[in-house]
>>> print(open('upload13.cif').read())   # mmCIF, C-alpha atoms
data_final
loop_
_atom_site.label_atom_id
_atom_site.label_comp_id
_atom_site.auth_asym_id
_atom_site.auth_seq_id
_atom_site.Cartn_x
_atom_site.Cartn_y
_atom_site.Cartn_z
CA MET A 200 0.00 0.00 0.00
CA GLN A 201 1.34 3.41 -0.97
CA PRO A 202 2.05 6.08 1.68
CA THR A 203 -0.70 8.25 0.15
CA ASP A 204 -3.19 5.42 0.70
CA ILE A 205 -2.09 5.09 4.33
CA ALA A 206 -2.38 8.87 4.75
CA HIS A 207 -5.89 8.77 3.25
CA LEU A 208 -7.00 6.00 5.64
CA ALA A 209 -5.36 7.79 8.54
CA GLY A 210 -7.33 10.93 7.70
CA ILE A 211 -10.60 9.00 7.63
CA PHE A 212 -9.82 7.28 10.94
CA ASP A 213 -8.58 10.57 12.41
CA ALA A 214 -11.94 12.17 11.62
CA SER A 215 -14.35 9.33 12.36
CA GLY A 216 -12.53 6.63 14.34
CA THR A 217 -12.51 6.02 18.06
CA ILE A 218 -9.64 4.84 20.23
CA THR A 219 -11.20 3.61 23.43
CA VAL A 220 -11.30 1.11 26.28
CA HIS A 221 -14.42 -0.76 27.26
CA ILE A 222 -14.53 -1.78 30.93
CA SER A 223 -17.40 -4.04 31.92
CA GLU A 224 -18.48 -6.20 34.81
CA GLU A 225 -17.80 -9.83 33.96
CA GLU A 226 -18.26 -12.53 36.60
CA SER A 227 -16.02 -14.93 34.68
CA TYR A 228 -12.97 -12.67 35.29
CA ALA A 229 -11.00 -13.14 38.53
CA ILE A 230 -11.44 -9.52 39.66
CA GLY A 231 -14.95 -9.27 38.20
CA TYR A 232 -14.13 -6.79 35.41
CA ARG A 233 -13.08 -7.05 31.80
CA TYR A 234 -10.72 -4.43 30.35
CA LYS A 235 -10.85 -4.34 26.56
CA PRO A 236 -8.92 -1.81 24.45
CA MET A 237 -10.50 -1.25 21.04
CA LEU A 238 -10.62 0.76 17.87
CA ARG A 239 -13.95 1.50 16.19
CA MET A 240 -15.15 3.40 13.19
CA HIS A 241 -18.63 3.77 11.73
CA ARG A 242 -19.02 4.35 8.02
CA PRO A 243 -22.12 4.67 5.83
CA PRO A 244 -22.98 1.83 3.44
CA TRP A 245 -21.95 3.81 0.35
CA ASP A 246 -18.36 3.74 1.62
CA GLY A 247 -17.76 0.30 0.07
CA PRO A 248 -14.61 1.45 -1.79
CA LEU A 249 -13.19 2.83 1.45
CA MET A 250 -13.96 -0.42 3.24
CA GLY A 251 -12.13 -2.27 0.44
CA LYS A 252 -9.06 -0.08 0.92
CA LEU A 253 -9.32 -0.58 4.68
CA ASP A 254 -9.48 -4.37 4.18
CA GLU A 255 -6.34 -4.25 2.02
CA TYR A 256 -4.54 -2.15 4.65
CA CYS A 257 -5.52 -4.56 7.42
CA GLU A 258 -4.42 -7.58 5.41
CA GLU A 259 -1.02 -6.03 4.64
CA ASN A 260 -0.49 -5.04 8.28
CA HIS A 261 -1.80 -8.25 9.88
CA VAL A 262 -4.74 -6.55 11.58
CA ARG A 263 -7.52 -8.84 12.77
CA TYR A 264 -10.83 -7.01 12.67
CA TRP A 265 -14.50 -7.49 12.03
CA VAL A 266 -17.21 -5.43 10.43
CA ASN A 267 -20.75 -5.34 11.80
CA ASP A 268 -23.81 -4.11 10.02
CA ASP A 269 -24.99 -1.45 12.42
CA GLU A 270 -28.08 0.67 12.74
CA ARG A 271 -27.42 3.91 14.54
CA GLU A 272 -30.17 6.48 14.70
CA ALA A 273 -32.14 4.59 12.04
CA ASP A 274 -29.29 4.89 9.52
CA GLU A 275 -27.50 1.81 8.31
CA SER A 276 -23.75 1.82 8.63
CA TYR A 277 -20.73 -0.41 8.92
CA GLU A 278 -18.98 -0.69 12.25
CA PHE A 279 -15.27 -1.56 11.88
CA VAL A 280 -13.85 -3.01 15.13
CA VAL A 281 -10.35 -4.04 16.26
CA THR A 282 -9.83 -5.49 19.76
CA ASP A 283 -6.75 -7.72 19.53
CA PRO A 284 -3.86 -5.78 21.17
CA HIS A 285 -1.30 -6.73 18.49
CA SER A 286 -3.76 -5.75 15.78
CA ILE A 287 -4.38 -2.38 17.43
CA VAL A 288 -0.63 -1.69 17.32
CA ASN A 289 -0.40 -2.94 13.74
CA PHE A 290 -3.30 -0.69 12.74
CA LEU A 291 -2.16 2.51 14.48
CA ASP A 292 1.62 2.46 14.02
CA PRO A 293 1.79 2.97 10.23
CA MET A 294 -0.76 5.80 10.49
CA LEU A 295 0.76 7.57 13.49
CA GLU A 296 2.74 10.16 11.54
CA TYR A 297 -0.41 11.20 9.65
CA PHE A 298 -2.71 11.65 12.65
CA VAL A 299 -3.78 15.04 13.92
CA THR A 300 -6.52 14.41 16.49
CA LYS A 301 -5.68 10.73 17.07
CA TYR A 302 -1.96 11.21 17.62
CA GLU A 303 -2.07 11.69 21.41
CA PRO A 304 -4.79 9.05 21.95
CA SER A 305 -2.60 6.61 19.98
CA ILE A 306 0.30 7.29 22.35
CA VAL A 307 -1.96 6.71 25.38
CA MET A 308 -3.24 3.51 23.77
CA GLY A 309 0.38 2.37 23.46
CA ASP A 310 0.77 2.80 27.23
CA ILE A 311 -2.47 0.90 27.78
CA LEU A 312 -1.39 -1.97 25.55
CA ALA A 313 1.95 -2.20 27.36
CA GLY A 314 0.03 -2.57 30.64
CA VAL A 315 -2.27 -5.18 29.12
CA ALA A 316 0.78 -7.11 27.86
CA GLU A 317 2.01 -7.17 31.47
CA ASP A 318 -1.44 -8.47 32.59
CA LYS A 319 -1.98 -5.43 34.83
CA HIS A 320 -5.68 -5.54 34.02
CA LYS A 321 -5.93 -8.84 35.89
CA THR A 322 -5.19 -7.36 39.33
CA LYS A 323 -7.14 -4.74 41.23
CA ALA A 324 -4.15 -2.41 41.61
CA GLY A 325 -3.26 -2.85 37.96
CA LEU A 326 -6.82 -2.26 36.81
CA ILE A 327 -6.90 1.01 38.75
CA GLU A 328 -3.68 2.06 36.99
CA LEU A 329 -5.07 1.13 33.59
CA ALA A 330 -8.42 2.77 34.38
CA GLU A 331 -6.46 6.01 34.88
CA LYS A 332 -5.13 5.60 31.33
CA ALA A 333 -8.68 4.90 30.09
CA ASP A 334 -9.80 8.09 31.85
CA GLU A 335 -7.02 9.97 30.06
CA LEU A 336 -8.07 8.45 26.75
CA ARG A 337 -11.69 9.52 27.32
CA GLU A 338 -10.53 13.12 27.63
CA TYR A 339 -9.76 13.02 23.91
CA SER A 340 -13.14 11.55 22.99
CA ARG A 341 -15.79 13.68 21.37
CA HIS A 342 -18.24 11.94 23.74
CA GLY A 343 -16.35 13.29 26.73
CA PRO A 344 -15.07 11.67 29.89
CA ASP A 345 -18.45 10.32 31.09
CA SER A 346 -18.08 6.71 32.23
CA LYS A 347 -19.06 4.67 35.26
CA HIS A 348 -15.87 2.61 35.38
CA THR A 349 -13.29 5.28 36.14
CA ALA A 350 -10.13 4.97 38.23
CA GLU A 351 -11.95 6.81 41.03
CA TYR A 352 -14.82 4.29 40.85
CA PHE A 353 -12.38 1.39 41.33
CA ARG A 354 -10.44 3.20 44.08
CA SER A 355 -13.68 3.66 45.96
CA LEU A 356 -14.85 0.10 45.27
CA TRP A 357 -11.61 -1.50 46.42
CA LYS A 358 -10.39 1.10 48.94
CA ASN A 359 -9.87 -1.51 51.66
CA GLU A 360 -8.17 -4.01 49.34
CA THR A 361 -5.60 -1.96 47.42
CA ASN A 362 -3.68 -0.36 50.30
CA GLY A 363 -4.42 3.22 49.40
CA ILE A 364 -3.41 3.16 45.74
CA SER A 365 -3.95 6.60 44.33
#
>>> encode(input="upload13.cif", output="structure tokens")
Amino acid sequence: MQPTDIAHLAGIFDASGTITVHISEEESYAIGYRYKPMLRMHRPPWDGPLMGKLDEYCEENHVRYWVNDDEREADESYEFVVTDPHSIVNFLDPMLEYFVTKYEPSIVMGDILAGVAEDKHKTKAGLIELAEKADELREYSRHGPDSKHTAEYFRSLWKNETNGIS
């Protein structure tokens, strides 16, 4: 794929993509919470050529992803999703130099993925640390920092179990 193609895809993702972390209660996890970094992008159905270029990019960069048919606000769209940590790195790294609004969130995501690689999300103290990074990431979101599962939420929840982690 040519650098201009990568720049084009980076511009589309920069404008309409999301770099985020989904934290959810999951009984099957040892600490009761799942921490899932992800990339998402919604595109209208007439963006088939763009989705083809995106598929080529992902294939060349070994990015595992899926596309959902999605209905948001009664409009059909495609939802492009990447959750595998290695695939997130493989997706973001070649685009990094072209990002404007997603540059800093990509750097924060790198810190998050390093913590996930160290399994920090599997301990209460580590989850608090990674929730702080998720809070930082939300600051860049156009949806704002509103989330139930913040670092402060987990500090309060586990205040007697984490020895005063701040």
>>> resolve_selection(input="upload13.cif", expression="the PyMOL selection byres ((chain A and resi 316) around 12)", output="mmCIF file with C-alpha atoms, in the frame of the given file")
data_model
loop_
_atom_site.group_PDB
_atom_site.id
_atom_site.type_symbol
_atom_site.label_atom_id
_atom_site.label_comp_id
_atom_site.auth_asym_id
_atom_site.auth_seq_id
_atom_site.Cartn_x
_atom_site.Cartn_y
_atom_site.Cartn_z
ATOM 1 C CA PRO A 236 -8.920 -1.810 24.450
ATOM 2 C CA ASP A 283 -6.750 -7.720 19.530
ATOM 3 C CA PRO A 284 -3.860 -5.780 21.170
ATOM 4 C CA HIS A 285 -1.300 -6.730 18.490
ATOM 5 C CA VAL A 288 -0.630 -1.690 17.320
ATOM 6 C CA GLY A 309 0.380 2.370 23.460
ATOM 7 C CA ASP A 310 0.770 2.800 27.230
ATOM 8 C CA ILE A 311 -2.470 0.900 27.780
ATOM 9 C CA LEU A 312 -1.390 -1.970 25.550
ATOM 10 C CA ALA A 313 1.950 -2.200 27.360
ATOM 11 C CA GLY A 314 0.030 -2.570 30.640
ATOM 12 C CA VAL A 315 -2.270 -5.180 29.120
ATOM 13 C CA GLU A 317 2.010 -7.170 31.470
ATOM 14 C CA ASP A 318 -1.440 -8.470 32.590
ATOM 15 C CA LYS A 319 -1.980 -5.430 34.830
ATOM 16 C CA HIS A 320 -5.680 -5.540 34.020
ATOM 17 C CA LYS A 321 -5.930 -8.840 35.890
ATOM 18 C CA GLY A 325 -3.260 -2.850 37.960
ATOM 19 C CA LEU A 329 -5.070 1.130 33.590
#
>>> resolve_selection(input="upload13.cif", expression="the PyMOL selection byres ((chain A and resi 205) around 10)", output="PDB file with C-alpha atoms, in the frame of the given file")
ATOM      1  CA  MET A 200       0.000   0.000   0.000  1.00  0.00           C
ATOM      2  CA  GLN A 201       1.340   3.410  -0.970  1.00  0.00           C
ATOM      3  CA  PRO A 202       2.050   6.080   1.680  1.00  0.00           C
ATOM      4  CA  THR A 203      -0.700   8.250   0.150  1.00  0.00           C
ATOM      5  CA  ASP A 204      -3.190   5.420   0.700  1.00  0.00           C
ATOM      6  CA  ALA A 206      -2.380   8.870   4.750  1.00  0.00           C
ATOM      7  CA  HIS A 207      -5.890   8.770   3.250  1.00  0.00           C
ATOM      8  CA  LEU A 208      -7.000   6.000   5.640  1.00  0.00           C
ATOM      9  CA  ALA A 209      -5.360   7.790   8.540  1.00  0.00           C
ATOM     10  CA  GLY A 210      -7.330  10.930   7.700  1.00  0.00           C
ATOM     11  CA  ILE A 211     -10.600   9.000   7.630  1.00  0.00           C
ATOM     12  CA  LYS A 252      -9.060  -0.080   0.920  1.00  0.00           C
ATOM     13  CA  LEU A 253      -9.320  -0.580   4.680  1.00  0.00           C
ATOM     14  CA  TYR A 256      -4.540  -2.150   4.650  1.00  0.00           C
ATOM     15  CA  PRO A 293       1.790   2.970  10.230  1.00  0.00           C
ATOM     16  CA  MET A 294      -0.760   5.800  10.490  1.00  0.00           C
ATOM     17  CA  LEU A 295       0.760   7.570  13.490  1.00  0.00           C
ATOM     18  CA  TYR A 297      -0.410  11.200   9.650  1.00  0.00           C
TER      19      TYR A 297
END
>>> atom_distance(input="upload13.cif", atom1="CA of Thr217 (chain A)", atom2="CA of Tyr302 (chain A)")
11.8 Å
>>> closest_residue(input="upload13.cif", among="A:Gly231, A:Gly251, A:Pro244, A:Gly216", to="Tyr339 (chain A)", atoms="only C-alpha atoms")
A:Gly216
>>> resolve_selection(input="upload13.cif", expression="the PyMOL selection byres ((chain A and resi 335) around 12)", output="PyMOL selection string")
chain A and resi 218-220+303-308+310-311+328-334+336-340+343-346+349-350
>>> atom_distance(input="upload13.cif", atom1="CA of Thr282 (chain A)", atom2="CA of Ser223 (chain A)")
14.4 Å
>>> axis_aligned_box(input="upload13.cif", around="region 278-296 of chain A", padding_each_side="3 Å", output="JSON")
{"center_x": -8.1, "center_y": 1.2, "center_z": 15.7, "size_x": 27.7, "size_y": 23.9, "size_z": 16.9}
>>> closest_residue(input="upload13.cif", among="A:Phe279, A:Pro248, A:Ile222, A:Lys235", to="Tyr352 (chain A)", atoms="all atoms listed in the file")
A:Ile222
>>> atom_distance(input="upload13.cif", atom1="CA of Arg233 (chain A)", atom2="CA of Cys257 (chain A)")
25.6 Å
>>> residues_around(input="upload13.cif", residues="Glu278 (chain A)", least_positions_apart="4", cutoff="12 Å", atoms="only C-alpha atoms", output="PyMOL selection string")
chain A and resi 215-217+238-244+246+250+264-271
>>> write_last_selection(input="upload13.cif", atoms="C-alpha atoms", output="short mmCIF file (atom, residue, chain, number, x, y, z; two decimals), in the frame of the given file")
data_model
loop_
_atom_site.label_atom_id
_atom_site.label_comp_id
_atom_site.auth_asym_id
_atom_site.auth_seq_id
_atom_site.Cartn_x
_atom_site.Cartn_y
_atom_site.Cartn_z
CA SER A 215 -14.35 9.33 12.36
CA GLY A 216 -12.53 6.63 14.34
CA THR A 217 -12.51 6.02 18.06
CA LEU A 238 -10.62 0.76 17.87
CA ARG A 239 -13.95 1.50 16.19
CA MET A 240 -15.15 3.40 13.19
CA HIS A 241 -18.63 3.77 11.73
CA ARG A 242 -19.02 4.35 8.02
CA PRO A 243 -22.12 4.67 5.83
CA PRO A 244 -22.98 1.83 3.44
CA ASP A 246 -18.36 3.74 1.62
CA MET A 250 -13.96 -0.42 3.24
CA TYR A 264 -10.83 -7.01 12.67
CA TRP A 265 -14.50 -7.49 12.03
CA VAL A 266 -17.21 -5.43 10.43
CA ASN A 267 -20.75 -5.34 11.80
CA ASP A 268 -23.81 -4.11 10.02
CA ASP A 269 -24.99 -1.45 12.42
CA GLU A 270 -28.08 0.67 12.74
CA ARG A 271 -27.42 3.91 14.54
#
>>> closest_residue(input="upload13.cif", among="A:Phe298, A:Phe290, A:Phe212, A:Phe353", to="Asn260 (chain A)", atoms="only C-alpha atoms")
A:Phe290
>>> closest_residue(input="upload13.cif", among="A:Glu360, A:Asp213, A:Ile230, A:Val280", to="Val299 (chain A)", atoms="all atoms listed in the file")
A:Asp213
>>> closest_residue(input="upload13.cif", among="A:His261, A:Lys358, A:Glu351, A:Lys323", to="Ala229 (chain A)", atoms="all atoms listed in the file")
A:Lys323
>>> decode(input="upload13.cif", residues="region 275-287 of chain A", atoms="N, CA, C and O atoms", output="PDB file, in the first residue's frame")
ATOM      1  N   GLU A 275     -28.378   2.961   8.408  1.00  0.00           N
ATOM      2  CA  GLU A 275     -27.499   1.811   8.308  1.00  0.00           C
ATOM      3  C   GLU A 275     -26.059   2.291   8.210  1.00  0.00           C
ATOM      4  O   GLU A 275     -25.781   3.335   7.640  1.00  0.00           O
ATOM      5  N   SER A 276     -25.170   1.506   8.769  1.00  0.00           N
ATOM      6  CA  SER A 276     -23.749   1.819   8.634  1.00  0.00           C
ATOM      7  C   SER A 276     -22.951   0.557   8.878  1.00  0.00           C
ATOM      8  O   SER A 276     -23.477  -0.462   9.331  1.00  0.00           O
ATOM      9  N   TYR A 277     -21.669   0.642   8.585  1.00  0.00           N
ATOM     10  CA  TYR A 277     -20.733  -0.409   8.919  1.00  0.00           C
ATOM     11  C   TYR A 277     -20.022   0.010  10.196  1.00  0.00           C
ATOM     12  O   TYR A 277     -19.658   1.172  10.359  1.00  0.00           O
ATOM     13  N   GLU A 278     -19.800  -0.945  11.073  1.00  0.00           N
ATOM     14  CA  GLU A 278     -18.977  -0.691  12.249  1.00  0.00           C
ATOM     15  C   GLU A 278     -17.727  -1.550  12.114  1.00  0.00           C
ATOM     16  O   GLU A 278     -17.794  -2.779  12.120  1.00  0.00           O
ATOM     17  N   PHE A 279     -16.585  -0.913  11.978  1.00  0.00           N
ATOM     18  CA  PHE A 279     -15.275  -1.556  11.883  1.00  0.00           C
ATOM     19  C   PHE A 279     -14.718  -1.631  13.299  1.00  0.00           C
ATOM     20  O   PHE A 279     -14.689  -0.617  14.010  1.00  0.00           O
ATOM     21  N   VAL A 280     -14.283  -2.823  13.746  1.00  0.00           N
ATOM     22  CA  VAL A 280     -13.845  -3.006  15.130  1.00  0.00           C
ATOM     23  C   VAL A 280     -12.546  -3.810  15.171  1.00  0.00           C
ATOM     24  O   VAL A 280     -12.425  -4.838  14.506  1.00  0.00           O
ATOM     25  N   VAL A 281     -11.608  -3.335  15.995  1.00  0.00           N
ATOM     26  CA  VAL A 281     -10.353  -4.044  16.259  1.00  0.00           C
ATOM     27  C   VAL A 281     -10.198  -4.126  17.773  1.00  0.00           C
ATOM     28  O   VAL A 281     -10.242  -3.094  18.453  1.00  0.00           O
ATOM     29  N   THR A 282     -10.009  -5.351  18.313  1.00  0.00           N
ATOM     30  CA  THR A 282      -9.829  -5.493  19.759  1.00  0.00           C
ATOM     31  C   THR A 282      -8.549  -6.236  20.138  1.00  0.00           C
ATOM     32  O   THR A 282      -8.103  -6.128  21.274  1.00  0.00           O
ATOM     33  N   ASP A 283      -7.978  -6.988  19.233  1.00  0.00           N
ATOM     34  CA  ASP A 283      -6.751  -7.717  19.527  1.00  0.00           C
ATOM     35  C   ASP A 283      -5.617  -6.712  19.744  1.00  0.00           C
ATOM     36  O   ASP A 283      -5.371  -5.859  18.879  1.00  0.00           O
ATOM     37  N   PRO A 284      -4.918  -6.774  20.890  1.00  0.00           N
ATOM     38  CA  PRO A 284      -3.863  -5.782  21.172  1.00  0.00           C
ATOM     39  C   PRO A 284      -2.790  -5.671  20.088  1.00  0.00           C
ATOM     40  O   PRO A 284      -2.389  -4.562  19.728  1.00  0.00           O
ATOM     41  N   HIS A 285      -2.318  -6.794  19.551  1.00  0.00           N
ATOM     42  CA  HIS A 285      -1.301  -6.727  18.494  1.00  0.00           C
ATOM     43  C   HIS A 285      -1.871  -6.069  17.237  1.00  0.00           C
ATOM     44  O   HIS A 285      -1.178  -5.310  16.560  1.00  0.00           O
ATOM     45  N   SER A 286      -3.122  -6.354  16.952  1.00  0.00           N
ATOM     46  CA  SER A 286      -3.764  -5.755  15.781  1.00  0.00           C
ATOM     47  C   SER A 286      -3.966  -4.259  15.956  1.00  0.00           C
ATOM     48  O   SER A 286      -3.857  -3.498  14.991  1.00  0.00           O
ATOM     49  N   ILE A 287      -4.244  -3.824  17.181  1.00  0.00           N
ATOM     50  CA  ILE A 287      -4.383  -2.385  17.433  1.00  0.00           C
ATOM     51  C   ILE A 287      -3.060  -1.689  17.125  1.00  0.00           C
ATOM     52  O   ILE A 287      -3.025  -0.661  16.438  1.00  0.00           O
TER      53      ILE A 287
END
